[in-house]
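Undergrad: Input file: coords_11.cif. Contents: mmCIF, C-alpha atoms.
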```cif
data_final
loop_
_atom_site.label_atom_id
_atom_site.label_comp_id
_atom_site.auth_asym_id
_atom_site.auth_seq_id
_atom_site.Cartn_x
_atom_site.Cartn_y
_atom_site.Cartn_z
CA MET I 1095 238.72 2.47 284.35
CA GLN I 1096 242.01 2.15 282.49
CA PHE I 1097 243.76 -1.20 282.13
CA CYS I 1098 246.98 -2.27 280.51
CA VAL I 1099 247.26 -5.96 279.62
CA ILE I 1100 250.74 -7.26 278.84
CA GLY I 1101 251.01 -10.66 277.15
CA LEU I 1102 248.23 -11.72 274.78
CA GLY I 1103 248.10 -15.48 275.04
CA ARG I 1104 244.69 -17.06 275.51
CA PHE I 1105 244.39 -15.75 279.07
CA GLY I 1106 245.56 -12.21 278.24
CA GLN I 1107 243.36 -11.97 275.15
CA ALA I 1108 240.26 -13.16 276.99
CA LEU I 1109 240.94 -10.76 279.84
CA ALA I 1110 241.59 -7.75 277.57
CA VAL I 1111 238.47 -8.33 275.47
CA ALA I 1112 236.27 -8.97 278.52
CA LEU I 1113 237.44 -5.70 280.11
CA ALA I 1114 236.85 -3.79 276.87
CA ASN I 1115 233.37 -5.34 276.59
CA LYS I 1116 232.61 -3.97 280.04
CA GLY I 1117 233.33 -0.50 278.67
CA HIS I 1118 236.82 -0.01 280.12
CA GLU I 1119 239.75 1.53 278.29
CA VAL I 1120 242.21 -1.24 277.50
CA LEU I 1121 245.74 -1.04 276.17
CA ALA I 1122 246.93 -4.48 275.04
CA ILE I 1123 250.58 -5.32 274.45
CA ASP I 1124 252.49 -8.29 273.07
CA ARG I 1125 255.76 -8.72 271.22
CA ASP I 1126 254.04 -11.04 268.73
CA GLU I 1127 252.42 -9.16 265.86
CA GLN I 1128 249.86 -11.83 265.07
CA ARG I 1129 248.57 -11.99 268.64
CA VAL I 1130 248.16 -8.23 268.68
CA GLN I 1131 246.31 -8.27 265.37
CA GLU I 1132 243.90 -10.89 266.65
CA ILE I 1133 242.35 -8.48 269.13
CA GLU I 1134 243.23 -5.02 267.83
CA ASP I 1135 239.64 -4.28 266.78
CA ARG I 1136 238.23 -5.29 270.12
CA VAL I 1137 240.23 -3.15 272.57
CA SER I 1138 240.97 0.59 272.75
CA GLN I 1139 244.64 0.47 271.77
CA THR I 1140 247.34 -2.09 270.99
CA PHE I 1141 251.12 -2.07 270.75
CA ILE I 1142 253.59 -4.58 269.37
CA LEU I 1143 256.25 -4.26 272.01
CA ASP I 1144 258.75 -6.36 273.94
CA SER I 1145 257.76 -5.80 277.56
CA THR I 1146 261.33 -6.41 278.74
CA ASN I 1147 262.44 -3.33 276.79
CA GLU I 1148 262.64 -0.87 279.67
CA LYS I 1149 262.85 2.30 277.61
CA ALA I 1150 259.87 1.44 275.43
CA MET I 1151 257.82 0.38 278.44
CA LYS I 1152 258.53 3.58 280.35
CA SER I 1153 257.25 5.63 277.44
CA LEU I 1154 253.77 4.15 277.88
CA GLY I 1155 252.84 6.23 280.93
CA LEU I 1156 252.02 3.16 283.03
CA SER I 1157 251.36 5.28 286.12
CA GLU I 1158 248.15 6.49 284.48
CA PHE I 1159 246.51 3.07 284.49
CA ASP I 1160 244.29 1.81 287.31
CA TRP I 1161 245.63 -1.71 286.81
CA VAL I 1162 248.56 -3.14 284.90
CA ILE I 1163 248.11 -6.87 284.32
CA ILE I 1164 251.08 -9.04 283.44
CA ALA I 1165 249.34 -11.92 281.75
CA MET I 1166 252.25 -13.96 280.49
CA SER I 1167 253.61 -16.72 282.68
CA SER I 1168 255.33 -19.36 280.56
CA ASP I 1169 258.53 -17.31 280.26
CA LEU I 1170 259.55 -16.85 283.90
CA GLU I 1171 262.40 -14.47 283.15
CA ALA I 1172 260.25 -12.20 280.97
CA SER I 1173 257.49 -12.20 283.59
CA ILE I 1174 259.88 -11.16 286.39
CA LEU I 1175 261.69 -8.54 284.30
CA THR I 1176 258.40 -7.07 283.11
CA THR I 1177 257.11 -6.96 286.69
CA MET I 1178 260.18 -5.04 287.84
CA ILE I 1179 259.96 -2.60 284.94
CA VAL I 1180 256.25 -2.02 285.48
CA LYS I 1181 256.70 -1.42 289.23
CA ASP I 1182 259.64 0.86 288.50
CA ALA I 1183 257.57 2.84 286.00
CA GLY I 1184 255.21 3.77 288.84
CA ALA I 1185 252.21 1.60 288.02
CA LYS I 1186 249.50 2.11 290.67
CA ARG I 1187 248.33 -1.47 290.98
CA VAL I 1188 249.84 -4.54 289.38
CA CYS I 1189 248.34 -7.98 288.89
CA ALA I 1190 250.36 -10.88 287.50
CA LYS I 1191 249.67 -14.41 286.41
CA ALA I 1192 251.84 -17.14 287.90
CA ALA I 1193 252.54 -20.54 286.40
CA THR I 1194 254.02 -22.28 289.44
CA ASP I 1195 254.14 -21.89 293.21
CA LEU I 1196 257.68 -20.60 293.04
CA HIS I 1197 256.73 -18.10 290.36
CA ALA I 1198 253.88 -16.87 292.58
CA LYS I 1199 256.25 -16.49 295.55
CA ILE I 1200 258.72 -14.43 293.52
CA LEU I 1201 255.94 -12.18 292.23
CA LYS I 1202 254.67 -11.59 295.75
CA LYS I 1203 258.20 -10.70 296.90
CA LEU I 1204 258.38 -8.15 294.10
CA GLY I 1205 255.42 -6.38 295.66
CA ILE I 1206 252.69 -7.37 293.23
CA ASP I 1207 249.22 -6.38 294.44
CA LYS I 1208 247.49 -9.47 293.16
CA VAL I 1209 248.88 -12.78 291.93
CA VAL I 1210 246.53 -15.04 289.99
CA PHE I 1211 247.02 -18.70 289.41
CA PRO I 1212 244.32 -19.57 286.88
CA GLU I 1213 245.38 -23.14 286.08
CA HIS I 1214 245.66 -23.93 289.78
CA GLU I 1215 242.38 -22.19 290.67
CA MET I 1216 240.49 -23.83 287.81
CA GLY I 1217 241.98 -27.18 288.74
CA VAL I 1218 240.81 -26.91 292.33
CA ARG I 1219 237.37 -25.83 291.17
CA LEU I 1220 237.03 -28.63 288.67
CA ALA I 1221 238.17 -31.21 291.21
CA GLU I 1222 235.40 -30.11 293.57
CA ILE I 1223 232.76 -30.19 290.85
CA LEU I 1224 233.79 -33.52 289.34
CA SER I 1225 234.37 -35.36 292.57
CA SER I 1226 230.91 -34.65 293.82
CA PRO I 1227 227.82 -35.07 291.65
CA SER I 1228 225.77 -32.78 293.88
CA ILE I 1229 228.13 -29.79 293.61
CA PHE I 1230 227.47 -27.82 290.43
CA GLN I 1231 229.68 -24.79 290.82
CA PHE I 1232 232.54 -24.00 293.10
CA LEU I 1233 234.23 -20.68 293.54
CA GLU I 1234 237.09 -20.22 295.95
CA LEU I 1235 236.72 -16.82 297.64
CA ALA I 1236 239.65 -16.76 300.01
CA GLU I 1237 241.86 -19.43 301.43
CA ASP I 1238 239.52 -22.17 302.70
CA TYR I 1239 236.31 -20.21 301.99
CA SER I 1240 234.13 -20.78 298.96
CA ILE I 1241 230.76 -20.34 297.35
CA ALA I 1242 229.27 -23.58 296.08
CA GLU I 1243 226.09 -24.59 294.30
CA ILE I 1244 224.85 -27.72 295.92
CA SER I 1245 221.76 -29.88 295.61
CA SER I 1246 219.52 -29.44 298.66
CA PRO I 1247 219.91 -32.35 301.09
CA ARG I 1248 216.79 -34.38 301.86
CA GLU I 1249 216.79 -33.30 305.50
CA PHE I 1250 216.17 -29.67 304.34
CA TRP I 1251 213.17 -30.45 302.17
CA ASP I 1252 209.94 -28.68 303.13
CA LYS I 1253 211.69 -26.80 305.92
CA THR I 1254 212.23 -23.07 306.10
CA ILE I 1255 215.82 -21.86 306.17
CA ARG I 1256 215.30 -20.99 309.82
CA GLU I 1257 214.09 -24.52 310.56
CA THR I 1258 217.07 -26.13 308.83
CA ASP I 1259 219.39 -24.31 311.24
CA ALA I 1260 221.96 -24.51 308.45
CA ARG I 1261 224.20 -21.84 309.91
CA LYS I 1262 224.54 -23.53 313.28
CA ARG I 1263 224.48 -27.15 312.17
CA TYR I 1264 226.63 -26.84 309.06
CA GLY I 1265 228.30 -23.45 309.45
CA ILE I 1266 227.12 -22.30 306.04
CA ASN I 1267 225.02 -19.39 304.81
CA ILE I 1268 222.42 -19.90 302.09
CA ILE I 1269 222.83 -16.83 299.87
CA ALA I 1270 220.51 -17.86 297.03
CA ILE I 1271 218.24 -20.67 295.88
CA LYS I 1272 217.96 -21.90 292.30
CA ARG I 1273 214.55 -23.45 291.87
CA LYS I 1274 212.98 -25.33 289.00
CA GLU I 1275 209.26 -24.62 288.69
CA PRO I 1276 207.40 -27.34 286.79
CA TYR I 1277 204.45 -26.28 284.58
CA THR I 1278 202.31 -27.84 281.87
CA ASP I 1279 203.23 -26.70 278.38
CA GLU I 1280 199.84 -25.86 276.86
CA LYS I 1281 200.95 -26.59 273.29
CA THR I 1282 202.33 -30.08 273.83
CA GLY I 1283 200.57 -31.03 277.06
CA ASN I 1284 203.97 -32.13 278.42
CA ILE I 1285 205.41 -30.96 281.69
CA ASP I 1286 208.45 -28.71 281.46
CA TYR I 1287 210.06 -26.38 283.97
CA ARG I 1288 211.40 -22.88 284.25
CA GLU I 1289 214.25 -21.81 286.47
CA GLU I 1290 213.86 -19.20 289.15
CA LEU I 1291 216.55 -17.56 291.26
CA ILE I 1292 215.66 -16.53 294.79
CA MET I 1293 218.39 -14.11 295.88
CA ALA I 1294 219.17 -13.46 299.54
CA PRO I 1295 216.28 -15.64 300.73
CA GLU I 1296 214.42 -14.74 303.94
CA PRO I 1297 214.72 -17.09 306.93
CA SER I 1298 211.05 -17.96 306.30
CA GLN I 1299 211.82 -19.23 302.77
CA LYS I 1300 210.95 -22.90 302.33
CA ILE I 1301 213.41 -25.29 300.67
CA LEU I 1302 211.94 -27.77 298.19
CA GLN I 1303 212.98 -31.04 296.58
CA GLY I 1304 215.41 -30.37 293.75
CA ASP I 1305 216.40 -26.87 294.90
CA ILE I 1306 220.01 -25.94 294.27
CA LEU I 1307 221.39 -24.00 297.22
CA VAL I 1308 224.05 -21.38 296.66
CA VAL I 1309 226.00 -21.53 299.90
CA LEU I 1310 228.89 -19.62 301.34
CA GLY I 1311 231.16 -21.14 303.93
CA HIS I 1312 234.37 -22.82 304.97
CA ASN I 1313 235.37 -25.61 302.57
CA LYS I 1314 235.17 -28.13 305.41
CA ASN I 1315 231.56 -27.13 306.10
CA ILE I 1316 230.62 -27.20 302.43
CA SER I 1317 231.93 -30.71 302.18
CA LYS I 1318 229.99 -31.68 305.33
CA LEU I 1319 226.81 -30.40 303.69
CA GLU I 1320 227.68 -32.20 300.48
CA LYS I 1321 227.92 -35.48 302.39
CA ALA I 1322 224.41 -34.90 303.70
CA THR I 1323 223.07 -34.84 300.13
CA ARG I 1324 224.20 -38.39 299.42
CA MET W 1454 198.29 -53.77 283.42
CA LYS W 1455 195.17 -52.27 281.84
CA GLN W 1456 195.45 -49.09 279.77
CA GLU W 1457 193.28 -47.40 282.35
CA GLU W 1458 195.70 -48.21 285.13
CA ILE W 1459 198.68 -47.04 283.07
CA GLU W 1460 196.98 -43.71 282.52
CA HIS W 1461 196.09 -43.43 286.17
CA LEU W 1462 199.71 -43.98 287.24
CA LEU W 1463 200.94 -41.41 284.69
CA GLU W 1464 198.39 -38.87 285.88
CA GLU W 1465 199.41 -39.38 289.51
CA ALA W 1466 203.09 -39.00 288.60
CA LYS W 1467 202.43 -35.80 286.65
CA PHE W 1468 200.38 -34.39 289.50
CA TYR W 1469 203.26 -34.94 291.94
CA ILE W 1470 205.86 -33.53 289.53
CA LEU W 1471 203.78 -30.37 289.09
CA ASN W 1472 203.67 -30.00 292.86
CA ASN W 1473 207.43 -30.40 293.35
CA ARG W 1474 206.99 -33.83 294.94
CA PHE W 1475 209.46 -35.54 292.66
CA GLU W 1476 210.27 -38.52 294.85
CA GLU W 1477 206.59 -39.35 295.23
CA ALA W 1478 206.17 -39.14 291.45
CA GLU W 1479 209.07 -41.52 291.06
CA LYS W 1480 207.21 -44.27 292.96
CA TYR W 1481 204.29 -44.20 290.50
CA LEU W 1482 206.57 -44.24 287.47
CA GLU W 1483 208.65 -47.09 288.88
CA LYS W 1484 205.50 -49.12 289.41
CA LEU W 1485 204.48 -48.53 285.80
CA LEU W 1486 207.94 -49.24 284.36
CA LYS W 1487 208.22 -52.49 286.32
CA GLU W 1488 205.52 -53.95 284.10
CA HIS W 1489 206.01 -51.79 281.02
CA PRO W 1490 209.72 -51.01 280.83
CA GLN W 1491 209.35 -49.46 277.41
CA ASN W 1492 206.55 -47.02 278.16
CA ILE W 1493 207.91 -43.90 276.49
CA GLU W 1494 205.94 -41.37 278.51
CA ALA W 1495 207.00 -42.95 281.81
CA LEU W 1496 210.64 -43.03 280.68
CA PHE W 1497 210.46 -39.37 279.64
CA TYR W 1498 209.02 -38.32 283.00
CA MET W 1499 211.64 -40.38 284.82
CA GLY W 1500 214.21 -38.33 282.88
CA LEU W 1501 212.45 -35.12 283.81
CA LEU W 1502 212.14 -35.85 287.51
CA ASN W 1503 215.76 -36.94 287.73
CA GLU W 1504 216.68 -33.66 286.07
CA LEU W 1505 214.49 -31.79 288.56
CA LEU W 1506 216.25 -33.62 291.40
CA ASN W 1507 219.66 -32.66 289.91
CA ARG W 1508 220.55 -36.29 289.18
CA LEU W 1509 221.82 -35.40 285.75
CA THR W 1510 223.53 -38.68 284.80
CA GLU W 1511 220.35 -40.63 285.45
CA ALA W 1512 218.29 -38.00 283.60
CA ARG W 1513 220.51 -38.34 280.54
CA GLU W 1514 220.17 -42.13 280.59
CA TYR W 1515 216.37 -41.95 280.62
CA TYR W 1516 216.24 -39.42 277.79
CA GLU W 1517 218.63 -41.56 275.75
CA LYS W 1518 216.37 -44.55 276.30
CA VAL W 1519 213.37 -42.51 275.09
CA ILE W 1520 215.26 -41.48 271.94
CA GLU W 1521 216.33 -45.06 271.33
CA LEU W 1522 212.67 -46.12 271.29
CA SER W 1523 211.32 -42.99 269.64
CA PRO W 1524 214.11 -41.17 267.74
CA ASN W 1525 212.04 -38.03 267.07
CA HIS W 1526 210.76 -37.49 270.60
CA GLU W 1527 210.97 -33.70 270.77
CA GLY W 1528 210.91 -33.38 274.55
CA ALA W 1529 213.69 -35.88 275.13
CA LEU W 1530 215.83 -34.38 272.35
CA GLU W 1531 215.41 -30.90 273.76
CA HIS W 1532 216.10 -31.86 277.36
CA LEU W 1533 219.12 -33.90 276.37
CA SER W 1534 220.61 -30.97 274.47
CA ARG W 1535 219.89 -28.71 277.46
CA LEU W 1536 221.85 -31.11 279.67
CA GLN W 1537 224.84 -31.07 277.39
CA GLY W 1538 227.67 -29.14 278.99
CA LYS W 1539 226.03 -29.26 282.41
#
```
What would the structure in this file look like if it were written as structure tokens?
TA:
Amino acid sequence: MQFCVIGLGRFGQALAVALANKGHEVLAIDRDEQRVQEIEDRVSQTFILDSTNEKAMKSLGLSEFDWVIIAMSSDLEASILTTMIVKDAGAKRVCAKAATDLHAKILKKLGIDKVVFPEHEMGVRLAEILSSPSIFQFLELAEDYSIAEISSPREFWDKTIRETDARKRYGINIIAIKRKEPYTDEKTGNIDYREELIMAPEPSQKILQGDILVVLGHNKNISKLEKATR
Amino acid sequence: MKQEEIEHLLEEAKFYILNNRFEEAEKYLEKLLKEHPQNIEALFYMGLLNELLNRLTEAREYYEKVIELSPNHEGALEHLSRLQGK
């Protein structure tokens, strides 16, 4: 696929390089020469360009890209102007990063296909992880729905997924199990463990002590399950 | 507690850990540590079973205790570095 990333701060740089590493064609743009130089060897093409310069921007052929990503957010005016120019240039799909709620609202009004709010999203995720010692990962999927990694509650131990009745009782789906398998290290004689991932487990799969359940569900239900682990 | 009994408790604990019965193992180790709070092997396995039960703060504390008593304990050093960032 073809991507154009505008604004090469930490977020934009990480995004551009990650896309290029996945084998996509990436054009990266910033008005700051040093920022452009920092990643020029790692993406397909770079330009030093002020994205609020309409004429220059329209010469880029933005309608050819699958996604145009406006990755700068600290300068509200530049972000909005760039968004309008990009939309006007016929970009197929546009994604933009917002710094505040108001910024996000304006971007949505401008007809952006996807608004991301990384500081906000990361903050929510971190709050979930830090406020509960038995939640190890938290990924918000849609409003109110998430995937969480959660230590298996005692009441599930030695039961099959069917027997736990997790879907009815907690309203969650167990989509994977992370299990630690203890073994004796023959060299040292000590016990160690290896980690195993059981993807899309069958209803007959047994849950053991120490299993980490990867669950999908409404945030309210995830937090209900989390309470059961205490 | 006689050496024989210490070894027996450790063997029982290891047996239960290997069979994913971490809470049962914990009982044997607690019994041992009550009388021998500085038994390095028991402290290490307490760290391990807490790690296996996803109680990472407690696991770290046990490994740190092991390293305090035996600064070159390879297992505790390795597990502690594995837990860093988790």
Undergrad: May I have a table of the residues of chain W lying at most 9 Å from chain I, giving each one's closest pair of atoms and their distance in Å to one decimal, counting only C-alpha atoms, ordered by chain and ascending residue number, as a tab-separated table?
TA:
```
residue	atom	partner	partner_atom	distance
W:Lys1467	CA	I:Ile1285	CA	7.5
W:Ile1470	CA	I:Pro1276	CA	6.9
W:Leu1471	CA	I:Pro1276	CA	5.3
W:Asn1472	CA	I:Pro1276	CA	7.6
W:Asn1473	CA	I:Gln1303	CA	6.5
W:Arg1474	CA	I:Gln1303	CA	6.8
W:Phe1475	CA	I:Gln1303	CA	6.9
W:Glu1476	CA	I:Gln1303	CA	8.1
W:Tyr1498	CA	I:Ile1285	CA	8.3
W:Leu1501	CA	I:Asp1286	CA	7.9
W:Leu1502	CA	I:Gly1304	CA	8.9
W:Asn1503	CA	I:Gly1304	CA	8.9
W:Glu1504	CA	I:Gly1304	CA	8.5
W:Leu1505	CA	I:Gly1304	CA	5.5
W:Leu1506	CA	I:Gly1304	CA	4.1
W:Asn1507	CA	I:Gly1304	CA	6.2
W:Arg1508	CA	I:Pro1227	CA	7.8
W:Leu1509	CA	I:Pro1227	CA	8.4
W:Thr1510	CA	I:Pro1227	CA	8.9
W:Gly1528	CA	I:Asn1284	CA	8.0
W:Lys1539	CA	I:Phe1230	CA	8.3
```
Undergrad: Can you pull out the residues contacting Ser1138 of chain I? Cut-off 10 Å, using only C-alpha atoms, and skip same-chain residues under 3 positions away; I want them as a short mmCIF file (atom, residue, chain, number, x, y, z; two decimals) with C-alpha atoms, in the frame of the given file.
TA:
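Saved file part32.cif follows:
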```cif
data_model
loop_
_atom_site.label_atom_id
_atom_site.label_comp_id
_atom_site.auth_asym_id
_atom_site.auth_seq_id
_atom_site.Cartn_x
_atom_site.Cartn_y
_atom_site.Cartn_z
CA GLN I 1096 242.01 2.15 282.49
CA PHE I 1097 243.76 -1.20 282.13
CA ALA I 1110 241.59 -7.75 277.57
CA VAL I 1111 238.47 -8.33 275.47
CA ALA I 1114 236.85 -3.79 276.87
CA GLY I 1117 233.33 -0.50 278.67
CA HIS I 1118 236.82 -0.01 280.12
CA GLU I 1119 239.75 1.53 278.29
CA VAL I 1120 242.21 -1.24 277.50
CA LEU I 1121 245.74 -1.04 276.17
CA ALA I 1122 246.93 -4.48 275.04
CA ILE I 1133 242.35 -8.48 269.13
CA GLU I 1134 243.23 -5.02 267.83
CA ASP I 1135 239.64 -4.28 266.78
#
```
Undergrad: Between atom CA of Val1308 of chain I and atom CA of Phe1468 of chain W, what distance in Å does the model show, to one decimal?
TA: 27.9 Å
Undergrad: Run the PyMOL selection byres ((chain I and resi 1215) around 12) against the file shown and list the residues it catches, as a ChimeraX atom specification.
TA: /I:1191-1194,1209-1214,1216-1222,1232-1237,1240
Undergrad: Do you have the atom CA of Ser1317 of chain I-atom CA of Gly1265 of chain I distance handy?
TA: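 For atom CA of Ser1317 of chain I relative to atom CA of Gly1265 of chain I, the distance reads 10.9 Å.
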Undergrad: I'd like the interatomic distance between atom CA of His1197 of chain I and atom CA of Gly1101 of chain I, to a tenth of an Å.
TA: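 Computing it gives 16.2 Å between the two atoms.
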Undergrad: Check the smallest atom-to-atom distance from each of W:Glu1477, W:Phe1497, W:Ile1459, W:Glu1514 to Glu1527 of chain W using all atoms listed in the file, then report the winner.
TA: W:Phe1497
Undergrad: Counting all atoms listed in the file, which residues come within 10 Å of (204.9, -46.4, 283.2), with the point read in the file's coordinates, and could you list them as JSON, numbers by chain?
TA: {"W": [1454, 1458, 1459, 1460, 1461, 1462, 1463, 1466, 1481, 1482, 1483, 1484, 1485, 1486, 1487, 1488, 1489, 1490, 1491, 1492, 1493, 1494, 1495, 1496, 1497, 1498, 1499]}
Undergrad: Could you tell me which residues the PyMOL selection byres ((chain I and resi 1207) around 12) grabs in this file, written as JSON, numbers by chain?
TA: {"I": [1160, 1161, 1162, 1163, 1164, 1177, 1181, 1185, 1186, 1187, 1188, 1189, 1190, 1191, 1198, 1201, 1202, 1203, 1204, 1205, 1206, 1208, 1209, 1210]}
Undergrad: Using all atoms listed in the file, find the one residue out of W:Lys1518, W:Ala1478, W:Gly1500, W:Glu1464 that sits nearest to His1532 of chain W.
TA: W:Gly1500
